[in-house]
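Structure file final_29.cif (mmCIF, C-alpha atoms) is printed below.
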```
data_coords
loop_
_atom_site.label_atom_id
_atom_site.label_comp_id
_atom_site.auth_asym_id
_atom_site.auth_seq_id
_atom_site.Cartn_x
_atom_site.Cartn_y
_atom_site.Cartn_z
CA MET A 1 15.13 8.45 -47.24
CA ASP A 2 12.19 7.74 -49.54
CA ARG A 3 12.93 4.02 -50.00
CA GLY A 4 12.12 1.26 -47.55
CA PHE A 5 11.23 -2.39 -47.23
CA VAL A 6 9.23 -4.77 -45.08
CA ALA A 7 10.57 -8.21 -44.20
CA VAL A 8 7.39 -10.21 -43.73
CA SER A 9 7.28 -13.63 -42.07
CA PHE A 10 4.55 -15.96 -40.87
CA GLY A 11 6.06 -15.56 -37.39
CA THR A 12 6.69 -17.81 -34.43
CA SER A 13 5.72 -17.77 -30.76
CA VAL A 14 8.65 -20.00 -29.72
CA PRO A 15 11.38 -17.73 -28.31
CA GLU A 16 14.26 -20.04 -29.27
CA ALA A 17 12.96 -20.29 -32.83
CA ARG A 18 12.76 -16.52 -33.27
CA ARG A 19 16.52 -16.38 -33.89
CA ALA A 20 15.97 -17.82 -37.39
CA VAL A 21 13.62 -14.98 -38.33
CA THR A 22 15.96 -12.40 -36.82
CA ALA A 23 18.94 -13.87 -38.69
CA VAL A 24 17.17 -13.45 -42.03
CA GLU A 25 15.97 -9.95 -41.14
CA ASP A 26 19.52 -8.95 -40.18
CA ALA A 27 20.90 -10.38 -43.43
CA LEU A 28 18.29 -8.47 -45.42
CA ARG A 29 19.07 -5.23 -43.61
CA ARG A 30 22.77 -5.63 -44.36
CA SER A 31 22.03 -5.96 -48.06
CA ALA A 32 19.55 -3.06 -48.15
CA GLY A 33 21.95 -0.21 -47.45
CA ASP A 34 20.23 2.80 -45.86
CA CYS A 35 16.67 1.75 -46.75
CA GLU A 36 14.07 2.14 -44.01
CA PHE A 37 13.16 -1.23 -42.46
CA VAL A 38 10.07 -2.64 -40.74
CA ARG A 39 9.30 -6.27 -39.87
CA ALA A 40 5.84 -7.79 -40.14
CA PHE A 41 4.19 -11.09 -39.24
CA THR A 42 1.22 -12.50 -41.15
CA SER A 43 -0.20 -14.77 -38.42
CA PRO A 44 -2.82 -13.01 -36.27
CA THR A 45 -2.57 -15.82 -33.72
CA ILE A 46 1.15 -15.31 -33.26
CA GLN A 47 0.68 -11.54 -33.12
CA ARG A 48 -1.85 -11.98 -30.28
CA ILE A 49 0.46 -14.32 -28.36
CA LEU A 50 3.37 -11.92 -28.65
CA ALA A 51 1.17 -8.96 -27.71
CA LYS A 52 0.24 -10.71 -24.45
CA ARG A 53 4.00 -10.96 -23.79
CA GLY A 54 4.40 -7.24 -24.39
CA GLU A 55 5.71 -7.31 -27.96
CA GLU A 56 3.74 -5.68 -30.74
CA VAL A 57 4.68 -6.99 -34.20
CA PRO A 58 2.73 -5.27 -36.98
CA SER A 59 0.77 -6.94 -39.74
CA LEU A 60 1.85 -6.18 -43.29
CA PRO A 61 -0.70 -3.34 -43.72
CA GLU A 62 0.45 -1.85 -40.40
CA ALA A 63 4.11 -2.16 -41.38
CA LEU A 64 3.47 -0.44 -44.71
CA GLU A 65 1.67 2.36 -42.89
CA GLN A 66 4.75 2.78 -40.67
CA LEU A 67 6.92 3.14 -43.76
CA ARG A 68 4.51 5.66 -45.29
CA ALA A 69 4.52 7.69 -42.05
CA ARG A 70 8.32 7.84 -42.25
CA GLY A 71 8.08 9.43 -45.68
CA VAL A 72 8.84 6.32 -47.72
CA ARG A 73 7.40 6.63 -51.24
CA ARG A 74 9.07 3.61 -52.86
CA ALA A 75 8.54 0.41 -50.88
CA ALA A 76 9.44 -3.26 -51.22
CA VAL A 77 7.90 -6.25 -49.47
CA GLN A 78 10.22 -9.23 -49.14
CA PRO A 79 8.60 -12.40 -47.79
CA THR A 80 10.63 -14.97 -45.87
CA HIS A 81 8.12 -17.64 -46.95
CA LEU A 82 9.49 -20.86 -48.38
CA LEU A 83 7.09 -21.10 -51.30
CA TYR A 84 4.08 -19.61 -53.01
CA GLY A 85 0.92 -20.55 -51.13
CA PHE A 86 -2.13 -19.21 -49.32
CA GLU A 87 -0.06 -17.02 -46.97
CA TYR A 88 1.87 -15.58 -49.91
CA ASP A 89 -1.35 -14.95 -51.85
CA LYS A 90 -2.75 -13.14 -48.83
CA LEU A 91 0.23 -10.84 -48.33
CA ARG A 92 0.39 -10.03 -52.03
CA ALA A 93 -3.29 -9.05 -52.01
CA GLU A 94 -2.74 -6.89 -48.92
CA ALA A 95 0.18 -5.13 -50.59
CA GLU A 96 -1.74 -4.53 -53.81
CA ALA A 97 -4.63 -3.03 -51.84
CA LEU A 98 -2.26 -0.42 -50.42
CA SER A 99 -0.22 0.25 -53.54
CA ALA A 100 -1.93 3.62 -54.12
CA ASN A 101 -0.23 4.90 -50.94
CA PHE A 102 3.19 4.68 -52.62
CA ASP A 103 4.80 5.78 -55.86
CA VAL A 104 6.09 2.20 -56.21
CA LEU A 105 5.29 -0.89 -54.15
CA SER A 106 6.89 -4.20 -55.21
CA VAL A 107 6.52 -7.68 -53.69
CA GLY A 108 9.41 -10.15 -53.80
CA ARG A 109 9.42 -13.86 -54.50
CA PRO A 110 9.54 -16.63 -51.89
CA LEU A 111 12.69 -18.68 -51.37
CA LEU A 112 11.78 -21.53 -53.73
CA ALA A 113 10.19 -19.86 -56.72
CA ASP A 114 11.55 -21.72 -59.75
CA THR A 115 13.60 -24.70 -60.94
CA ALA A 116 16.94 -22.95 -60.46
CA ASP A 117 16.02 -22.25 -56.82
CA LEU A 118 15.12 -25.90 -56.23
CA LEU A 119 18.36 -27.21 -57.72
CA ARG A 120 20.45 -24.71 -55.76
CA PHE A 121 18.56 -25.50 -52.58
CA ALA A 122 18.98 -29.26 -53.09
CA ALA A 123 22.71 -28.78 -53.59
CA GLY A 124 22.86 -26.73 -50.39
CA LEU A 125 21.08 -29.46 -48.43
CA ALA A 126 23.37 -32.11 -49.91
CA GLY A 127 26.40 -30.18 -48.72
CA MET A 128 24.87 -29.61 -45.30
CA TYR A 129 24.16 -33.28 -44.68
CA PRO A 130 27.13 -35.47 -45.72
CA ARG A 131 26.18 -39.00 -46.66
CA GLU A 132 26.49 -41.52 -43.80
CA GLU A 133 26.77 -45.29 -44.22
CA GLY A 134 23.52 -46.78 -42.96
CA GLY A 135 22.03 -43.35 -42.44
CA ALA A 136 19.35 -41.17 -43.95
CA VAL A 137 18.05 -37.63 -43.58
CA VAL A 138 14.35 -36.85 -43.24
CA LEU A 139 13.27 -33.25 -43.75
CA MET A 140 9.87 -32.26 -42.39
CA GLY A 141 8.11 -29.44 -44.25
CA HIS A 142 4.80 -27.82 -43.41
CA GLY A 143 2.84 -28.71 -46.53
CA THR A 144 -0.28 -27.05 -47.89
CA GLU A 145 -3.46 -27.74 -49.85
CA HIS A 146 -2.37 -24.99 -52.23
CA PHE A 147 -1.02 -26.22 -55.58
CA ALA A 148 2.37 -24.77 -54.51
CA ASN A 149 2.74 -27.92 -52.40
CA ALA A 150 4.26 -29.39 -55.60
CA VAL A 151 7.52 -27.77 -54.46
CA TYR A 152 8.03 -30.60 -51.94
CA PRO A 153 7.98 -33.56 -54.37
CA ALA A 154 9.93 -31.39 -56.83
CA LEU A 155 12.59 -30.85 -54.17
CA GLN A 156 12.69 -34.62 -53.62
CA THR A 157 13.38 -35.07 -57.33
CA ALA A 158 16.07 -32.38 -57.24
CA LEU A 159 17.78 -34.17 -54.34
CA ARG A 160 17.84 -37.39 -56.32
CA LEU A 161 19.27 -35.54 -59.32
CA VAL A 162 22.19 -34.41 -57.16
CA GLY A 163 22.71 -38.02 -56.04
CA ARG A 164 21.09 -37.87 -52.61
CA GLU A 165 18.39 -40.52 -52.59
CA ASP A 166 19.13 -40.87 -48.85
CA VAL A 167 17.58 -37.44 -48.17
CA LEU A 168 13.79 -37.67 -47.97
CA VAL A 169 11.21 -34.90 -47.89
CA GLY A 170 7.89 -35.16 -46.07
CA THR A 171 5.22 -32.72 -44.91
CA VAL A 172 2.90 -32.31 -41.94
CA GLU A 173 -0.13 -31.05 -43.87
CA GLY A 174 0.58 -31.93 -47.51
CA TRP A 175 2.06 -34.60 -49.75
CA PRO A 176 4.26 -36.55 -49.35
CA GLY A 177 3.32 -37.28 -45.75
CA LEU A 178 4.95 -39.14 -42.90
CA GLU A 179 3.73 -42.56 -44.03
CA ASP A 180 5.14 -41.93 -47.52
CA VAL A 181 8.53 -41.29 -45.91
CA VAL A 182 8.32 -44.42 -43.75
CA ARG A 183 7.43 -46.50 -46.79
CA GLN A 184 10.43 -45.20 -48.76
CA LEU A 185 12.77 -46.06 -45.91
CA ALA A 186 11.39 -49.57 -45.40
CA PRO A 187 13.31 -51.46 -48.17
CA GLU A 188 16.67 -50.46 -46.67
CA GLY A 189 15.85 -51.78 -43.22
CA PRO A 190 16.61 -49.97 -39.92
CA ARG A 191 18.71 -46.84 -40.37
CA HIS A 192 20.05 -43.96 -38.34
CA ILE A 193 17.80 -41.01 -39.19
CA ARG A 194 18.70 -37.35 -38.90
CA LEU A 195 15.33 -35.62 -38.63
CA ALA A 196 15.23 -31.87 -39.28
CA PRO A 197 12.68 -29.14 -40.05
CA LEU A 198 12.31 -27.93 -43.63
CA MET A 199 10.94 -24.63 -42.36
CA LEU A 200 12.24 -21.13 -41.77
CA VAL A 201 12.05 -21.69 -38.01
CA ALA A 202 12.31 -24.70 -35.75
CA GLY A 203 9.15 -23.66 -33.95
CA GLU A 204 6.02 -25.35 -32.69
CA HIS A 205 5.81 -27.87 -35.52
CA ALA A 206 9.41 -28.96 -34.91
CA ARG A 207 8.87 -29.33 -31.18
CA SER A 208 5.51 -31.09 -31.35
CA ASP A 209 5.09 -32.83 -34.71
CA MET A 210 8.75 -33.55 -35.55
CA ALA A 211 10.03 -34.43 -32.09
CA GLY A 212 6.72 -36.11 -31.25
CA GLU A 213 4.72 -38.01 -33.86
CA TRP A 214 7.42 -38.11 -36.54
CA LYS A 215 10.21 -39.27 -34.25
CA GLY A 216 7.92 -41.82 -32.58
CA ARG A 217 6.67 -43.24 -35.90
CA LEU A 218 10.17 -43.61 -37.31
CA GLU A 219 11.39 -45.30 -34.13
CA ALA A 220 8.38 -47.63 -34.24
CA ALA A 221 9.53 -48.63 -37.73
CA GLY A 222 12.87 -49.70 -36.27
CA HIS A 223 15.01 -46.64 -36.98
CA THR A 224 17.13 -44.68 -34.54
CA VAL A 225 16.35 -40.97 -34.72
CA GLN A 226 18.28 -37.82 -33.91
CA CYS A 227 16.36 -34.54 -34.11
CA ALA A 228 17.92 -31.24 -35.17
CA PHE A 229 16.34 -27.94 -34.18
CA THR A 230 17.86 -25.55 -36.68
CA GLY A 231 15.53 -23.43 -38.78
CA LEU A 232 16.45 -22.73 -42.39
CA GLY A 233 16.74 -19.04 -41.56
CA GLU A 234 19.78 -19.76 -39.40
CA LEU A 235 21.79 -21.10 -42.34
CA PRO A 236 24.13 -18.57 -44.00
CA TRP A 237 23.60 -20.00 -47.49
CA VAL A 238 19.83 -19.66 -47.10
CA GLN A 239 20.24 -16.11 -45.83
CA GLU A 240 22.28 -15.39 -48.96
CA MET A 241 19.41 -16.59 -51.15
CA TYR A 242 17.03 -14.22 -49.37
CA GLN A 243 19.53 -11.37 -49.74
CA GLU A 244 19.65 -11.96 -53.48
CA ARG A 245 15.86 -11.84 -53.55
CA LEU A 246 15.83 -8.45 -51.86
CA THR A 247 18.68 -7.03 -53.94
CA ALA A 248 16.78 -7.84 -57.13
CA LEU A 249 13.57 -6.45 -55.64
CA LEU A 250 15.13 -3.14 -54.61
CA GLU A 251 16.23 -2.60 -58.20
CA THR A 252 12.54 -2.30 -59.11
CA ILE A 253 11.75 0.59 -56.75
#
```
Starting from the coordinates I provided, produce the structure as structure tokens.
Amino acid sequence: MDRGFVAVSFGTSVPEARRAVTAVEDALRRSAGDCEFVRAFTSPTIQRILAKRGEEVPSLPEALEQLRARGVRRAAVQPTHLLYGFEYDKLRAEAEALSANFDVLSVGRPLLADTADLLRFAAGLAGMYPREEGGAVVLMGHGTEHFANAVYPALQTALRLVGREDVLVGTVEGWPGLEDVVRQLAPEGPRHIRLAPLMLVAGEHARSDMAGEWKGRLEAAGHTVQCAFTGLGELPWVQEMYQERLTALLETI
């Protein structure tokens, strides 16, 4: 088989959160037929942590070398990243640097790459979280200083366009932040908040930032808070979006 693909993720060191990555990888493999498959993580820190536990997960360059050693000449790289950003820029540069090793090497798009993706994703979230009287949903994303952070406020707009002003988006390291979320909730008074990660995995950020500072700050503002620990990768409709990404990508190799 001269075709293969790499499913590349940032990675996670939280064992329970790994199931979200595995679920997406399994979905991608199902949609890839008999293509050769290798996983890769982009975080050196997570790779080191896993290596100390006895698990070696290759970087993207290492994963591509594995495909080449298996005789793959036409390769695809499908990220599980949520949006374009520094991590995506890095993996694309790594892939381009190794493109001469293959007849064809194509890199796929992240989950939220255009307006149609945002509207579809907002509709999926709206269906996942039915409206509750006196309730609200707060979704915690990672955030970034990269201009791709604009996806988060754009998603907030998309949610409002589908009639879900009760679903709010915030980020740990970008804009809007936690205080922006608290301020938006304030006019309605105390509410029951469903707090969930807007990330592929419910990993360290979900267990420390979301269940720690975010939950505490919302409770201090008078709300009752229930945390969910389900990564986006565990959701079948999100897996389907990734599968469509890979299907389109494989048509180019």
Find the residue from A:Leu28, A:Ala20, A:Met1, A:Leu50 that sits nearest to Thr247 in chain A; use all atoms listed in the file when measuring.
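When distances to Thr247 in chain A are compared using all atoms listed in the file, the smallest one comes from A:Leu28.
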Could you state which residues are captured by the PyMOL selection byres ((chain A and resi 34) around 12) in this file, as a list in words?
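So the PyMOL selection byres ((chain A and resi 34) around 12) ends up selecting Met1, Asp2, Arg3, Gly4, Phe5, Leu28, Arg29, Arg30, Ser31, Ala32, Gly33, Cys35, Glu36, Phe37 and Leu250 of chain A.
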Kindly export the residues of the current selection with C-alpha atoms, as a PDB file, keeping the file's coordinate frame.
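File produced: result.pdb:
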```pdb
ATOM      1  CA  MET A   1      15.130   8.450 -47.240  1.00  0.00           C
ATOM      2  CA  ASP A   2      12.190   7.740 -49.540  1.00  0.00           C
ATOM      3  CA  ARG A   3      12.930   4.020 -50.000  1.00  0.00           C
ATOM      4  CA  GLY A   4      12.120   1.260 -47.550  1.00  0.00           C
ATOM      5  CA  PHE A   5      11.230  -2.390 -47.230  1.00  0.00           C
ATOM      6  CA  LEU A  28      18.290  -8.470 -45.420  1.00  0.00           C
ATOM      7  CA  ARG A  29      19.070  -5.230 -43.610  1.00  0.00           C
ATOM      8  CA  ARG A  30      22.770  -5.630 -44.360  1.00  0.00           C
ATOM      9  CA  SER A  31      22.030  -5.960 -48.060  1.00  0.00           C
ATOM     10  CA  ALA A  32      19.550  -3.060 -48.150  1.00  0.00           C
ATOM     11  CA  GLY A  33      21.950  -0.210 -47.450  1.00  0.00           C
ATOM     12  CA  CYS A  35      16.670   1.750 -46.750  1.00  0.00           C
ATOM     13  CA  GLU A  36      14.070   2.140 -44.010  1.00  0.00           C
ATOM     14  CA  PHE A  37      13.160  -1.230 -42.460  1.00  0.00           C
ATOM     15  CA  LEU A 250      15.130  -3.140 -54.610  1.00  0.00           C
TER      16      LEU A 250
END
```
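Every protein or nucleic acid residue with an atom no more than 8 Å from range 199-210 of chain A, counting all atoms listed in the file and leaving out same-chain residues fewer than 5 positions away, appears here: Thr12, Ser13, Val14, Glu16, Ala17, Arg18, Ala20, Val21, Thr80, His81, Leu82, Met140, Gly141, His142, Val172, Lys215, Cys227, Phe229, Thr230, Gly231, Leu232 and Gly233 of chain A.
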All residues 9 Å or closer to His146 in chain A, all atoms listed in the file, same chain fewer than 5 positions away omitted, as an MDAnalysis selection string
chainID A and resid 84:86 174
Which residue, A:Gly108, A:Ala7, A:Asp117, A:Leu161, has the smallest gap to Asp26 in chain A when you use all atoms listed in the file?
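Closest to Asp26 in chain A of all the choices is A:Ala7.
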Take CA of Leu139 in chain A and CA of Leu198 in chain A and report the distance between them in Å, one decimal.
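Spanning CA of Leu139 in chain A to CA of Leu198 in chain A is a straight-line distance of 5.4 Å.
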Contact check, range 167-212 of chain A to range 120-138 of chain A, at most 10 Å, counting only C-alpha atoms, closest pairs as JSON lines:
```
{"residue": "A:Val167", "atom": "CA", "partner": "A:Val137", "partner_atom": "CA", "distance": 4.6}
{"residue": "A:Leu168", "atom": "CA", "partner": "A:Val138", "partner_atom": "CA", "distance": 4.8}
{"residue": "A:Val169", "atom": "CA", "partner": "A:Val138", "partner_atom": "CA", "distance": 5.9}
{"residue": "A:Gly170", "atom": "CA", "partner": "A:Val138", "partner_atom": "CA", "distance": 7.3}
{"residue": "A:Leu178", "atom": "CA", "partner": "A:Val138", "partner_atom": "CA", "distance": 9.7}
{"residue": "A:Val181", "atom": "CA", "partner": "A:Val138", "partner_atom": "CA", "distance": 7.8}
{"residue": "A:Val182", "atom": "CA", "partner": "A:Val138", "partner_atom": "CA", "distance": 9.7}
{"residue": "A:Leu185", "atom": "CA", "partner": "A:Ala136", "partner_atom": "CA", "distance": 8.4}
{"residue": "A:Glu188", "atom": "CA", "partner": "A:Gly134", "partner_atom": "CA", "distance": 8.6}
{"residue": "A:Gly189", "atom": "CA", "partner": "A:Gly134", "partner_atom": "CA", "distance": 9.2}
{"residue": "A:Pro190", "atom": "CA", "partner": "A:Gly134", "partner_atom": "CA", "distance": 8.2}
{"residue": "A:Arg191", "atom": "CA", "partner": "A:Gly135", "partner_atom": "CA", "distance": 5.2}
{"residue": "A:His192", "atom": "CA", "partner": "A:Gly135", "partner_atom": "CA", "distance": 4.6}
{"residue": "A:Ile193", "atom": "CA", "partner": "A:Ala136", "partner_atom": "CA", "distance": 5.0}
{"residue": "A:Arg194", "atom": "CA", "partner": "A:Val137", "partner_atom": "CA", "distance": 4.7}
{"residue": "A:Leu195", "atom": "CA", "partner": "A:Val138", "partner_atom": "CA", "distance": 4.9}
{"residue": "A:Ala196", "atom": "CA", "partner": "A:Val138", "partner_atom": "CA", "distance": 6.4}
{"residue": "A:Pro197", "atom": "CA", "partner": "A:Val138", "partner_atom": "CA", "distance": 8.5}
{"residue": "A:Leu198", "atom": "CA", "partner": "A:Val138", "partner_atom": "CA", "distance": 9.2}
```
Save out the residues we just selected, C-alpha atoms, as a PDB file, in the frame of the given file.
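Here's the written file result.pdb:
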```
ATOM      1  CA  VAL A 167      17.580 -37.440 -48.170  1.00  0.00           C
ATOM      2  CA  LEU A 168      13.790 -37.670 -47.970  1.00  0.00           C
ATOM      3  CA  VAL A 169      11.210 -34.900 -47.890  1.00  0.00           C
ATOM      4  CA  GLY A 170       7.890 -35.160 -46.070  1.00  0.00           C
ATOM      5  CA  LEU A 178       4.950 -39.140 -42.900  1.00  0.00           C
ATOM      6  CA  VAL A 181       8.530 -41.290 -45.910  1.00  0.00           C
ATOM      7  CA  VAL A 182       8.320 -44.420 -43.750  1.00  0.00           C
ATOM      8  CA  LEU A 185      12.770 -46.060 -45.910  1.00  0.00           C
ATOM      9  CA  GLU A 188      16.670 -50.460 -46.670  1.00  0.00           C
ATOM     10  CA  GLY A 189      15.850 -51.780 -43.220  1.00  0.00           C
ATOM     11  CA  PRO A 190      16.610 -49.970 -39.920  1.00  0.00           C
ATOM     12  CA  ARG A 191      18.710 -46.840 -40.370  1.00  0.00           C
ATOM     13  CA  HIS A 192      20.050 -43.960 -38.340  1.00  0.00           C
ATOM     14  CA  ILE A 193      17.800 -41.010 -39.190  1.00  0.00           C
ATOM     15  CA  ARG A 194      18.700 -37.350 -38.900  1.00  0.00           C
ATOM     16  CA  LEU A 195      15.330 -35.620 -38.630  1.00  0.00           C
ATOM     17  CA  ALA A 196      15.230 -31.870 -39.280  1.00  0.00           C
ATOM     18  CA  PRO A 197      12.680 -29.140 -40.050  1.00  0.00           C
ATOM     19  CA  LEU A 198      12.310 -27.930 -43.630  1.00  0.00           C
TER      20      LEU A 198
END
```
For CA of Ser43 in chain A and CA of Leu235 in chain A, the interatomic separation in Å (one decimal):
23.2 Å
Could you give me the centre and size, in Å to one decimal, of an axis-aligned box around all listed atoms of range 79-96 of chain A with 3 Å added on every side, as lines of an AutoDock Vina configuration file?
```
center_x = 3.7
center_y = -12.8
center_z = -49.8
size_x = 19.9
size_y = 22.6
size_z = 13.9
```
Which of these residues is nearest to Ser9 in chain A, using only C-alpha atoms: A:Ser59, A:Thr22, A:Thr42, A:Gln226?
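Among the listed residues, A:Thr42 lies closest to Ser9 in chain A.
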Counting only C-alpha atoms, the residue among A:Ala158, A:Leu246, A:Leu67, A:Ala186 that lies closest to Pro79 in chain A is A:Leu246
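Atom pair CA of Met241 in chain A / CA of Pro61 in chain A has a distance of 25.2 Å (rounded to one decimal).
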Which of these, A:Val162, A:Leu60, A:Val151, A:Ile253, has the shortest distance to Asp103 in chain A once you count all atoms listed in the file?
A:Ile253
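With all atoms listed in the file as the atoms that count, the minimum distance from Ile49 in chain A to the choices A:Pro15, A:Gly71, A:Gly143, A:Gly177 is reached by A:Pro15.
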List the residues selected by the PyMOL selection byres ((chain A and resi 113) around 10) in the file shown, writing them as a PyMOL selection string.
chain A and resi 82-84+109-112+114-118+148+151
Name all residues at most 8 Å from Ala63 in chain A (count all atoms listed in the file; drop same-chain ones fewer than 5 positions away) and give them as a list in words.
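Answer for this query is Val6, Val38, Arg39, Ala40 and Pro58 of chain A.
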Please return as a ChimeraX atom specification every residue within 9 Å of (24.6, -13.1, -38.9), taking into account only C-alpha atoms and the file's own coordinates.
/A:22-24,26-27,234,236,239
Missing atoms in range 62-82 of chain A: fill them in up to N, CA, C and O atoms and send the result as a short mmCIF file (atom, residue, chain, number, x, y, z; two decimals), in the coordinates of the input.
```cif
data_model
loop_
_atom_site.label_atom_id
_atom_site.label_comp_id
_atom_site.auth_asym_id
_atom_site.auth_seq_id
_atom_site.Cartn_x
_atom_site.Cartn_y
_atom_site.Cartn_z
N GLU A 62 -0.05 -2.75 -41.44
CA GLU A 62 0.45 -1.85 -40.40
C GLU A 62 1.90 -1.47 -40.65
O GLU A 62 2.31 -0.31 -40.45
N ALA A 63 2.71 -2.44 -41.10
CA ALA A 63 4.11 -2.16 -41.38
C ALA A 63 4.25 -1.19 -42.55
O ALA A 63 5.09 -0.27 -42.53
N LEU A 64 3.43 -1.36 -43.58
CA LEU A 64 3.47 -0.44 -44.71
C LEU A 64 3.04 0.96 -44.30
O LEU A 64 3.59 1.96 -44.78
N GLU A 65 2.08 1.05 -43.40
CA GLU A 65 1.67 2.36 -42.89
C GLU A 65 2.81 3.02 -42.12
O GLU A 65 3.02 4.23 -42.21
N GLN A 66 3.59 2.23 -41.38
CA GLN A 66 4.75 2.78 -40.67
C GLN A 66 5.76 3.36 -41.66
O GLN A 66 6.31 4.44 -41.42
N LEU A 67 6.00 2.64 -42.75
CA LEU A 67 6.92 3.14 -43.76
C LEU A 67 6.39 4.44 -44.37
O LEU A 67 7.13 5.42 -44.55
N ARG A 68 5.10 4.46 -44.69
CA ARG A 68 4.51 5.66 -45.29
C ARG A 68 4.64 6.85 -44.34
O ARG A 68 4.95 7.98 -44.78
N ALA A 69 4.42 6.61 -43.04
CA ALA A 69 4.52 7.69 -42.05
C ALA A 69 5.94 8.23 -41.93
O ALA A 69 6.14 9.37 -41.52
N ARG A 70 6.92 7.39 -42.29
CA ARG A 70 8.32 7.84 -42.25
C ARG A 70 8.73 8.56 -43.54
O ARG A 70 9.87 8.95 -43.70
N GLY A 71 7.79 8.72 -44.44
CA GLY A 71 8.08 9.43 -45.68
C GLY A 71 8.54 8.55 -46.82
O GLY A 71 8.96 9.05 -47.87
N VAL A 72 8.44 7.24 -46.65
CA VAL A 72 8.84 6.32 -47.72
C VAL A 72 7.81 6.37 -48.85
O VAL A 72 6.61 6.23 -48.62
N ARG A 73 8.27 6.58 -50.07
CA ARG A 73 7.40 6.63 -51.24
C ARG A 73 7.61 5.43 -52.16
O ARG A 73 6.76 5.13 -52.99
N ARG A 74 8.75 4.78 -52.04
CA ARG A 74 9.07 3.61 -52.86
C ARG A 74 9.36 2.45 -51.91
O ARG A 74 10.38 2.45 -51.22
N ALA A 75 8.47 1.47 -51.89
CA ALA A 75 8.54 0.41 -50.88
C ALA A 75 8.63 -0.97 -51.52
O ALA A 75 8.10 -1.22 -52.60
N ALA A 76 9.32 -1.86 -50.80
CA ALA A 76 9.44 -3.26 -51.22
C ALA A 76 8.96 -4.15 -50.08
O ALA A 76 9.14 -3.82 -48.91
N VAL A 77 8.35 -5.25 -50.44
CA VAL A 77 7.90 -6.25 -49.47
C VAL A 77 8.62 -7.55 -49.80
O VAL A 77 8.38 -8.14 -50.86
N GLN A 78 9.51 -7.98 -48.91
CA GLN A 78 10.22 -9.23 -49.14
C GLN A 78 9.74 -10.30 -48.16
O GLN A 78 10.00 -10.22 -46.97
N PRO A 79 9.04 -11.31 -48.66
CA PRO A 79 8.60 -12.40 -47.79
C PRO A 79 9.77 -13.32 -47.42
O PRO A 79 10.71 -13.50 -48.20
N THR A 80 9.68 -13.90 -46.25
CA THR A 80 10.63 -14.97 -45.87
C THR A 80 9.99 -16.34 -46.07
O THR A 80 10.54 -17.35 -45.64
N HIS A 81 8.84 -16.38 -46.73
CA HIS A 81 8.12 -17.64 -46.95
C HIS A 81 8.93 -18.57 -47.84
O HIS A 81 9.69 -18.13 -48.71
N LEU A 82 8.75 -19.85 -47.63
CA LEU A 82 9.49 -20.86 -48.38
C LEU A 82 8.99 -20.99 -49.81
O LEU A 82 9.78 -21.18 -50.75
#
```
